[in-house]
Amino acid sequence: MKIYTSNNYFFIDDGIQLFEGLSKDILVRRASSSSETFYFRNVNGFKESTSVDLSNIQKENGSAYALSEFVEFYTLELGKSSASENGAVEVDFSSLPISEKEFDVTNLSVSSSSKIIPVLSYSKPTDKDLDELTMDTINVIAGQTYAGGFKIYVKSNDGSLLSGKFIINYSILK
C-alpha cells in the first residue's frame with residue numbers, strides 16, 4: 001500500500017483504489033510510540049477503523065519506510081496548511097491607455113504546480129498618486145504558472161481605460 005503526498009493532497013493507494021484527502025486534514029494515530037500499526041482519519045472513502053501495518057506501507061516509488069522515516073513523514077507533511085510565500089510586482093500599462101493587459105512575473109519560488117492568489121495593492125506605485133487607485137476598478141486574474149514564474153491578467157472591471165503603473169500583491173501556494 002503506497003502512502004504519499006503531492007502538493008496539498010495525501011494519498012493511500014492500495015493497488016485497487018486511490019483514496020485521497022487534504023494533507024492539512026489528515027490525522028495519523030497509533031496505539032503507542034512503539035506501535036507499527038497505523039490508523040488514518042479524514043481520508044475520503046478509507047475507513048478510519050482500518051489498521052495498516054508498517055510492513056505494508058510503501059513510499060510513492062514503491063520502496064519501504066523504516067518506522068522512524070514514516071513517523072517523520074507524517075509528522076512533517078500532514079496536519080498543516082500549505083506552504084506559501086508572498087510577493088509584489090509593479091506592472092506598467094504605459095502611457096497609452098488600454099482596458100486590459102497580460103503580464104509575466106518572474107519568481108524563482110514558483111513551479112508549474114503552484115497556485116497564485118493576486119490582488120491589487122493599495123500602495124503608491126511609481127509616478128501615480130495614491131488617490132488615483134480608488135478611481136480605477138480593476139480585476140486581477142492569476143494565469144498559467146511555470147518553473148520560475150507566472151502570468152497575471154489585469155483588466156478594468158467596467159471597460160474604462162487604464163494607464164500607468166499598479167502594484168499587484170500575490171501569494172504563492174506551493
# chains A, B, ... in the order shown; residues from 1 in each chain; ligands from 1
$ closest_atom_pairs --of "segment 60-134 of chain A" --to "segment 138-157 of chain A" --cutoff "6 Å" --atoms "only C-alpha atoms" --output "tab-separated table"
residue	atom	partner	partner_atom	distance
A:Ser99	CA	A:Ser156	CA	5.4
A:Glu100	CA	A:Lys155	CA	4.1
A:Lys101	CA	A:Val154	CA	5.5
A:Glu102	CA	A:Tyr153	CA	4.4
A:Phe103	CA	A:Ile152	CA	5.4
A:Asp104	CA	A:Lys151	CA	4.6
A:Val105	CA	A:Phe150	CA	5.4
A:Thr106	CA	A:Gly149	CA	4.3
A:Asn107	CA	A:Gly149	CA	4.9
A:Leu108	CA	A:Gly148	CA	4.1
A:Val110	CA	A:Gly148	CA	5.1
A:Ser111	CA	A:Ala147	CA	4.2
A:Ser112	CA	A:Tyr146	CA	4.0
A:Ile116	CA	A:Ala142	CA	5.9
$ write_last_selection --atoms "N, CA and C atoms" --output "compact mmCIF listing (two decimals), in the first residue's frame"
# COMPACT_ATOMS: atom_id res chain seq x y z
N SER A 99 -7.66 48.75 -21.83
CA SER A 99 -8.53 48.25 -20.76
C SER A 99 -8.04 46.96 -20.11
N GLU A 100 -7.08 46.27 -20.72
CA GLU A 100 -6.58 45.02 -20.15
C GLU A 100 -5.20 44.69 -20.70
N LYS A 101 -4.46 43.91 -19.91
CA LYS A 101 -3.11 43.53 -20.36
C LYS A 101 -2.65 42.31 -19.57
N GLU A 102 -1.86 41.45 -20.21
CA GLU A 102 -1.27 40.28 -19.56
C GLU A 102 0.19 40.58 -19.25
N PHE A 103 0.63 40.14 -18.07
CA PHE A 103 2.00 40.38 -17.64
C PHE A 103 2.65 39.06 -17.22
N ASP A 104 3.94 38.93 -17.49
CA ASP A 104 4.74 37.81 -16.99
C ASP A 104 5.46 38.26 -15.73
N VAL A 105 5.38 37.45 -14.68
CA VAL A 105 6.03 37.76 -13.41
C VAL A 105 7.09 36.69 -13.16
N THR A 106 8.30 37.10 -12.87
CA THR A 106 9.38 36.17 -12.57
C THR A 106 9.51 36.01 -11.05
N ASN A 107 9.46 34.77 -10.60
CA ASN A 107 9.68 34.45 -9.19
C ASN A 107 10.18 33.01 -9.15
N LEU A 108 11.40 32.82 -8.71
CA LEU A 108 12.03 31.50 -8.74
C LEU A 108 11.38 30.50 -7.79
N VAL A 110 8.24 29.83 -7.77
CA VAL A 110 7.05 29.30 -8.44
C VAL A 110 7.41 28.05 -9.24
N SER A 111 6.54 27.05 -9.17
CA SER A 111 6.67 25.85 -10.01
C SER A 111 5.40 25.73 -10.84
N SER A 112 5.38 24.80 -11.75
CA SER A 112 4.20 24.63 -12.61
C SER A 112 2.97 24.18 -11.83
N ILE A 116 -1.44 30.72 -7.57
CA ILE A 116 -1.18 32.13 -7.32
C ILE A 116 -2.47 32.83 -6.94
$ residues_around --residues "Lys128 of chain A" --least-positions-apart "6" --cutoff "9 Å" --atoms "only C-alpha atoms" --output "VMD selection string"
chain A and resid 164 to 166
$ write_last_selection --atoms "C-alpha atoms" --output "compact mmCIF listing (two decimals), in the first residue's frame"
# COMPACT_ATOMS: atom_id res chain seq x y z
CA GLY A 164 0.48 53.98 -15.74
CA LYS A 165 1.64 51.59 -13.07
CA PHE A 166 -0.10 49.42 -10.47
$ residues_around --residues "segment 13-21 of chain A" --least-positions-apart "2" --cutoff "8 Å" --atoms "only C-alpha atoms" --output "PyMOL selection string"
chain A and resi 1-3+9-11+23+25-26+42-46
$ closest_residue --among "A:Thr137, A:Thr37, A:Ser95, A:Asn169" --to "Val119 of chain A" --atoms "only C-alpha atoms"
A:Asn169
$ select_by_dssp --residues "chain A" --states "strand (DSSP E or B)" --output "number ranges by chain"
A: 2-6, 9-13, 18-22, 27-29, 37-41, 44, 52-53, 58, 64, 84-92, 98, 100-106, 115-120, 138-146, 149-156, 162, 165-173
$ atom_distance --atom1 "atom CA of Lys174 of chain A" --atom2 "atom CA of Lys59 of chain A"
20.7 Å
$ residues_around --residues "Leu130 of chain A" --least-positions-apart "6" --cutoff "12 Å" --atoms "only C-alpha atoms" --output "NGL selection string"
:A and (121-124 or 136 or 165-167)
$ residues_around --residues "Ser51 of chain A" --least-positions-apart "4" --cutoff "10 Å" --atoms "only C-alpha atoms" --output "count of residues only"
8
$ residues_around --residues "Ser94 of chain A" --least-positions-apart "2" --cutoff "7 Å" --atoms "only C-alpha atoms" --output "MDAnalysis selection string"
chainID A and resid 92 96 163:164
$ closest_residue --among "A:Ala66, A:Phe93, A:Ser113, A:Val28" --to "Glu48 of chain A" --atoms "only C-alpha atoms"
A:Val28
$ atom_distance --atom1 "atom CA of Ser68 of chain A" --atom2 "atom CA of Ser34 of chain A"
10.0 Å
$ closest_residue --among "A:Arg41, A:Thr134, A:Asn8, A:Thr50" --to "Leu173 of chain A" --atoms "only C-alpha atoms"
A:Asn8
$ select_by_dssp --residues "chain A" --states "helix (DSSP H, G or I)" --output "MDAnalysis selection string"
chainID A and resid 23:25 54:56 67:77 130:133
$ write_last_selection --atoms "N, CA and C atoms" --output "PDB file, in the first residue's frame"
ATOM      1  N   SER A  23      -3.960  17.200   2.779  1.00  0.00           N
ATOM      2  CA  SER A  23      -2.872  16.922   3.727  1.00  0.00           C
ATOM      3  C   SER A  23      -3.099  17.592   5.076  1.00  0.00           C
ATOM      4  N   LYS A  24      -3.642  18.798   5.065  1.00  0.00           N
ATOM      5  CA  LYS A  24      -3.834  19.538   6.319  1.00  0.00           C
ATOM      6  C   LYS A  24      -4.890  18.902   7.216  1.00  0.00           C
ATOM      7  N   ASP A  25      -5.767  18.060   6.651  1.00  0.00           N
ATOM      8  CA  ASP A  25      -6.863  17.465   7.422  1.00  0.00           C
ATOM      9  C   ASP A  25      -6.589  16.043   7.908  1.00  0.00           C
ATOM     10  N   LEU A  54       3.044  -1.195   9.338  1.00  0.00           N
ATOM     11  CA  LEU A  54       4.178  -0.561   8.672  1.00  0.00           C
ATOM     12  C   LEU A  54       4.756  -1.449   7.574  1.00  0.00           C
ATOM     13  N   SER A  55       4.757  -2.752   7.772  1.00  0.00           N
ATOM     14  CA  SER A  55       5.318  -3.669   6.778  1.00  0.00           C
ATOM     15  C   SER A  55       4.550  -3.613   5.453  1.00  0.00           C
ATOM     16  N   ASN A  56       3.335  -3.069   5.471  1.00  0.00           N
ATOM     17  CA  ASN A  56       2.522  -2.948   4.257  1.00  0.00           C
ATOM     18  C   ASN A  56       2.533  -1.546   3.668  1.00  0.00           C
ATOM     19  N   LEU A  67      10.378   2.666  10.385  1.00  0.00           N
ATOM     20  CA  LEU A  67       9.434   3.259  11.328  1.00  0.00           C
ATOM     21  C   LEU A  67       9.725   4.741  11.549  1.00  0.00           C
ATOM     22  N   SER A  68      10.966   5.085  11.844  1.00  0.00           N
ATOM     23  CA  SER A  68      11.314   6.493  12.112  1.00  0.00           C
ATOM     24  C   SER A  68      11.065   7.369  10.881  1.00  0.00           C
ATOM     25  N   GLU A  69      11.287   6.804   9.715  1.00  0.00           N
ATOM     26  CA  GLU A  69      11.090   7.528   8.464  1.00  0.00           C
ATOM     27  C   GLU A  69       9.601   7.830   8.227  1.00  0.00           C
ATOM     28  N   PHE A  70       8.726   6.844   8.494  1.00  0.00           N
ATOM     29  CA  PHE A  70       7.300   7.054   8.297  1.00  0.00           C
ATOM     30  C   PHE A  70       6.754   8.052   9.321  1.00  0.00           C
ATOM     31  N   VAL A  71       7.206   7.955  10.559  1.00  0.00           N
ATOM     32  CA  VAL A  71       6.778   8.905  11.596  1.00  0.00           C
ATOM     33  C   VAL A  71       7.203  10.317  11.204  1.00  0.00           C
ATOM     34  N   GLU A  72       8.432  10.467  10.727  1.00  0.00           N
ATOM     35  CA  GLU A  72       8.902  11.777  10.276  1.00  0.00           C
ATOM     36  C   GLU A  72       8.056  12.278   9.110  1.00  0.00           C
ATOM     37  N   PHE A  73       7.747  11.401   8.160  1.00  0.00           N
ATOM     38  CA  PHE A  73       6.912  11.771   7.010  1.00  0.00           C
ATOM     39  C   PHE A  73       5.581  12.341   7.473  1.00  0.00           C
ATOM     40  N   TYR A  74       4.848  11.595   8.301  1.00  0.00           N
ATOM     41  CA  TYR A  74       3.510  12.076   8.629  1.00  0.00           C
ATOM     42  C   TYR A  74       3.506  13.233   9.621  1.00  0.00           C
ATOM     43  N   THR A  75       4.519  13.353  10.455  1.00  0.00           N
ATOM     44  CA  THR A  75       4.542  14.498  11.374  1.00  0.00           C
ATOM     45  C   THR A  75       4.959  15.789  10.673  1.00  0.00           C
ATOM     46  N   LEU A  76       5.751  15.699   9.624  1.00  0.00           N
ATOM     47  CA  LEU A  76       6.182  16.895   8.898  1.00  0.00           C
ATOM     48  C   LEU A  76       5.239  17.278   7.757  1.00  0.00           C
ATOM     49  N   GLU A  77       4.619  16.303   7.115  1.00  0.00           N
ATOM     50  CA  GLU A  77       3.842  16.570   5.903  1.00  0.00           C
ATOM     51  C   GLU A  77       2.341  16.726   6.126  1.00  0.00           C
ATOM     52  N   LEU A 130      -1.718  58.072  -4.968  1.00  0.00           N
ATOM     53  CA  LEU A 130      -2.478  57.012  -4.315  1.00  0.00           C
ATOM     54  C   LEU A 130      -3.981  57.144  -4.551  1.00  0.00           C
ATOM     55  N   ASP A 131      -4.493  58.376  -4.574  1.00  0.00           N
ATOM     56  CA  ASP A 131      -5.930  58.549  -4.771  1.00  0.00           C
ATOM     57  C   ASP A 131      -6.400  58.102  -6.165  1.00  0.00           C
ATOM     58  N   GLU A 132      -5.493  58.018  -7.129  1.00  0.00           N
ATOM     59  CA  GLU A 132      -5.863  57.522  -8.464  1.00  0.00           C
ATOM     60  C   GLU A 132      -6.272  56.047  -8.430  1.00  0.00           C
ATOM     61  N   LEU A 133      -5.737  55.295  -7.450  1.00  0.00           N
ATOM     62  CA  LEU A 133      -6.087  53.874  -7.348  1.00  0.00           C
ATOM     63  C   LEU A 133      -7.558  53.666  -7.021  1.00  0.00           C
TER      64      LEU A 133
END
$ atom_distance --atom1 "atom CA of Val91 of chain A" --atom2 "atom CA of Ser171 of chain A"
16.1 Å
